Amino acid sequence: MNGAVFPCTRRGVGFLAALVLVWLGWALATAPAVPFHPDESTYLYMSADGAALLHAPLGLAYHDAPGNLRQHYRLVNAPLTRYLVAFGLALRGQPPLRTDWDWSANWQVNADRGAVPSRGQLTAARRVMVLCTALAGLLLALTACRLAGVAGGALTLALFLLNPLVLLHGRRAMMEAPMLLGMAWLLWEISAPRPRAWRVGLALAWAVWAKYWAVALVPAALWALWRAPAPDRRTRLRRLAWGALLPLAAGFVLQPVLWKQPWRVLPRMATERLEVTRGQQAAFRAVLPAYVPDSPPQRLALLLGHLYLAPPAYLDLGKYRAALSREISAYDAPFWAHWTNPLPAAVARLVLMFLGLAAMLFWTRQSTLRGHAARQVLLAAAFQWGLLLLTLPLAFQRYALAVLPWTTLWEAMGPIALWNAASRLWNSGG
């Protein structure tokens, strides 16, 4: 594995796809055992917007209705997940959940209100999330192929799909799986030698409208389009327009709440999102101040802690742990559910991550496809990590998944770097 590394051959891609299919079959079969998270009820509740978008979209437009819960969610949350959940429910003939979860009430009250989804509803919604996670793994592995061939791709795939945080958060009916797919898709597109503007735009649209944190990737996406070979400046500007306008158009289509009064609703969306974040921070600061990081060093420690040291967080808070204790214990029993938690494994992964990061920084000096891919991956990392280090509002573990694609790539590149160093040492000694 020297500097002239090229993408996987068809046989290599087929091998990676076969591995993904094996994982997909197992992940789908075991997804119902993933411990329930109350936020899944919210997305099952909001999945009613899926049918409304097709049959009566103007009914989703903004209107003055204080206390309207559905409209509140349309204003503060990215829209893609609710439509994916709606798609999963429709495939299995399951209805949306009629009642949202009430975090101020206990488990029994929520169950009596109908806020606990049925097994059929939860399984149907999770199937789509498992598929998103599988595709994210494949696209991330194909990106790794540009850095280290099929060996790097296979290692990346294994580290990603078998990561306990991915197995947990990436199989719930929440935002994390669509977000991971969008980020992996975008990394695949921008690391190509000649990225296509419409494909970059679609990948960016998926990532941003899955979770708003992905907006940090906009500069990296536009830079990839700008620096790609072009006959003239006009071509570059046209590509930039495609890359920027496609996500905007997709966001407008997916959010009918904007259709009637976008100039009025956009500021309202920003205000409500900020109010929700500030309210959560104030509530946690009063009882659990460690959950509210105040500086980039604290946020960095929290991100690395969640990714490498903390056990899987089955619940953000312990409020409903008693009701879910049997479910959590059963899921947590197999070794694969927490294989990264023992200190030796965590330290080894952390060392490999920093080694892989150093290797990728070194590869940026190369003029090969590997060098180009390394530059694009690191540029995207700088923006995504930078946003979280500046703005991470709460210490929820699932928030750390927004940077997991990069740490996975770096972990996989660590052994590649070691192999390269050992090969050079062997050859020089010979």
# chains A, B, ... in the order shown; residues from 1 in each chain; ligands from 1

$ residues_around --residues "segment 275-278 of chain A" --least-positions-apart "2" --cutoff "12 Å" --atoms "only C-alpha atoms" --output "CSV table (one decimal) with N, CA and C atoms, in the first residue's frame"
chain,number,residue,atom,x,y,z
A,72,HIS,N,-44.8,23.3,16.2
A,72,HIS,CA,-43.6,23.5,17.0
A,72,HIS,C,-42.5,22.6,16.5
A,73,TYR,N,-42.8,21.3,16.3
A,73,TYR,CA,-41.7,20.4,15.8
A,73,TYR,C,-41.3,20.7,14.4
A,75,LEU,N,-41.1,23.6,13.2
A,75,LEU,CA,-40.3,24.8,13.2
A,75,LEU,C,-38.9,24.5,13.8
A,76,VAL,N,-38.8,23.6,14.7
A,76,VAL,CA,-37.5,23.4,15.4
A,76,VAL,C,-36.7,22.2,14.9
A,77,ASN,N,-37.3,21.2,14.3
A,77,ASN,CA,-36.5,20.0,13.9
A,77,ASN,C,-36.3,19.9,12.4
A,268,ARG,N,-38.9,33.0,12.7
A,268,ARG,CA,-39.6,32.2,13.8
A,268,ARG,C,-39.0,30.9,14.1
A,269,MET,N,-38.5,30.2,13.0
A,269,MET,CA,-37.8,28.9,13.2
A,269,MET,C,-36.6,29.1,14.0
A,270,ALA,N,-35.8,30.1,13.7
A,270,ALA,CA,-34.5,30.4,14.4
A,270,ALA,C,-34.8,30.7,15.8
A,271,THR,N,-35.8,31.5,16.1
A,271,THR,CA,-36.2,31.9,17.5
A,271,THR,C,-36.6,30.7,18.3
A,272,GLU,N,-37.5,29.9,17.8
A,272,GLU,CA,-38.0,28.8,18.5
A,272,GLU,C,-36.9,27.7,18.8
A,273,ARG,N,-36.0,27.5,17.8
A,273,ARG,CA,-34.9,26.6,18.0
A,273,ARG,C,-34.0,27.1,19.1
A,280,GLN,N,-33.4,24.0,27.4
A,280,GLN,CA,-32.7,22.7,27.8
A,280,GLN,C,-31.5,23.0,28.6
A,281,GLN,N,-30.7,23.9,28.2
A,281,GLN,CA,-29.4,24.2,28.9
A,281,GLN,C,-29.7,24.7,30.3
A,282,ALA,N,-30.7,25.6,30.4
A,282,ALA,CA,-31.0,26.1,31.7
A,282,ALA,C,-31.5,25.0,32.7
A,283,ALA,N,-32.3,24.1,32.2
A,283,ALA,CA,-32.8,23.0,33.0
A,283,ALA,C,-31.7,22.1,33.4
A,284,PHE,N,-30.8,21.8,32.5
A,284,PHE,CA,-29.7,20.9,32.9
A,284,PHE,C,-28.7,21.6,33.8
A,285,ARG,N,-28.4,22.9,33.5
A,285,ARG,CA,-27.5,23.6,34.3
A,285,ARG,C,-27.9,23.7,35.8
A,292,VAL,N,-23.7,20.6,30.5
A,292,VAL,CA,-23.8,21.9,29.7
A,292,VAL,C,-22.3,22.4,29.5
A,391,THR,N,-20.3,25.1,19.4
A,391,THR,CA,-21.7,25.2,19.7
A,391,THR,C,-22.4,24.0,20.4
A,392,LEU,N,-21.7,22.9,20.7
A,392,LEU,CA,-22.3,21.7,21.3
A,392,LEU,C,-23.1,22.2,22.5
A,393,PRO,N,-24.4,22.0,22.6
A,393,PRO,CA,-25.2,22.6,23.7
A,393,PRO,C,-25.3,21.7,24.9
A,394,LEU,N,-25.3,20.4,24.7
A,394,LEU,CA,-25.6,19.4,25.8
A,394,LEU,C,-24.7,18.2,25.6

$ residues_around --residues "segment 95-102 of chain A" --least-positions-apart "4" --cutoff "6 Å" --atoms "only C-alpha atoms" --output "list in words"
Ser41, Thr42, Leu44, Tyr45, Ser47, Ala48, Gly114 and Ala115 of chain A

$ closest_residue --among "A:Ala136, A:Leu388, A:Met174, A:Leu80" --to "Trp206 of chain A" --atoms "only C-alpha atoms"
A:Leu80

$ closest_residue --among "A:Gly251, A:Gly93, A:Gly182, A:Pro256" --to "Arg74 of chain A" --atoms "only C-alpha atoms"
A:Pro256

$ closest_residue --among "A:Leu378, A:Gln94, A:Arg11, A:Ala400" --to "Gly305 of chain A" --atoms "only C-alpha atoms"
A:Ala400

$ atom_distance --atom1 "atom CA of Thr235 of chain A" --atom2 "atom CA of Pro193 of chain A"
16.4 Å

$ select_by_dssp --residues "segment 33-94 of chain A" --states "alpha helix (DSSP H)" --output "number ranges by chain"
A: 38-46, 48-55, 69-76, 80-91

$ atom_distance --atom1 "atom CA of Ala310 of chain A" --atom2 "atom CA of Ala286 of chain A"
23.0 Å
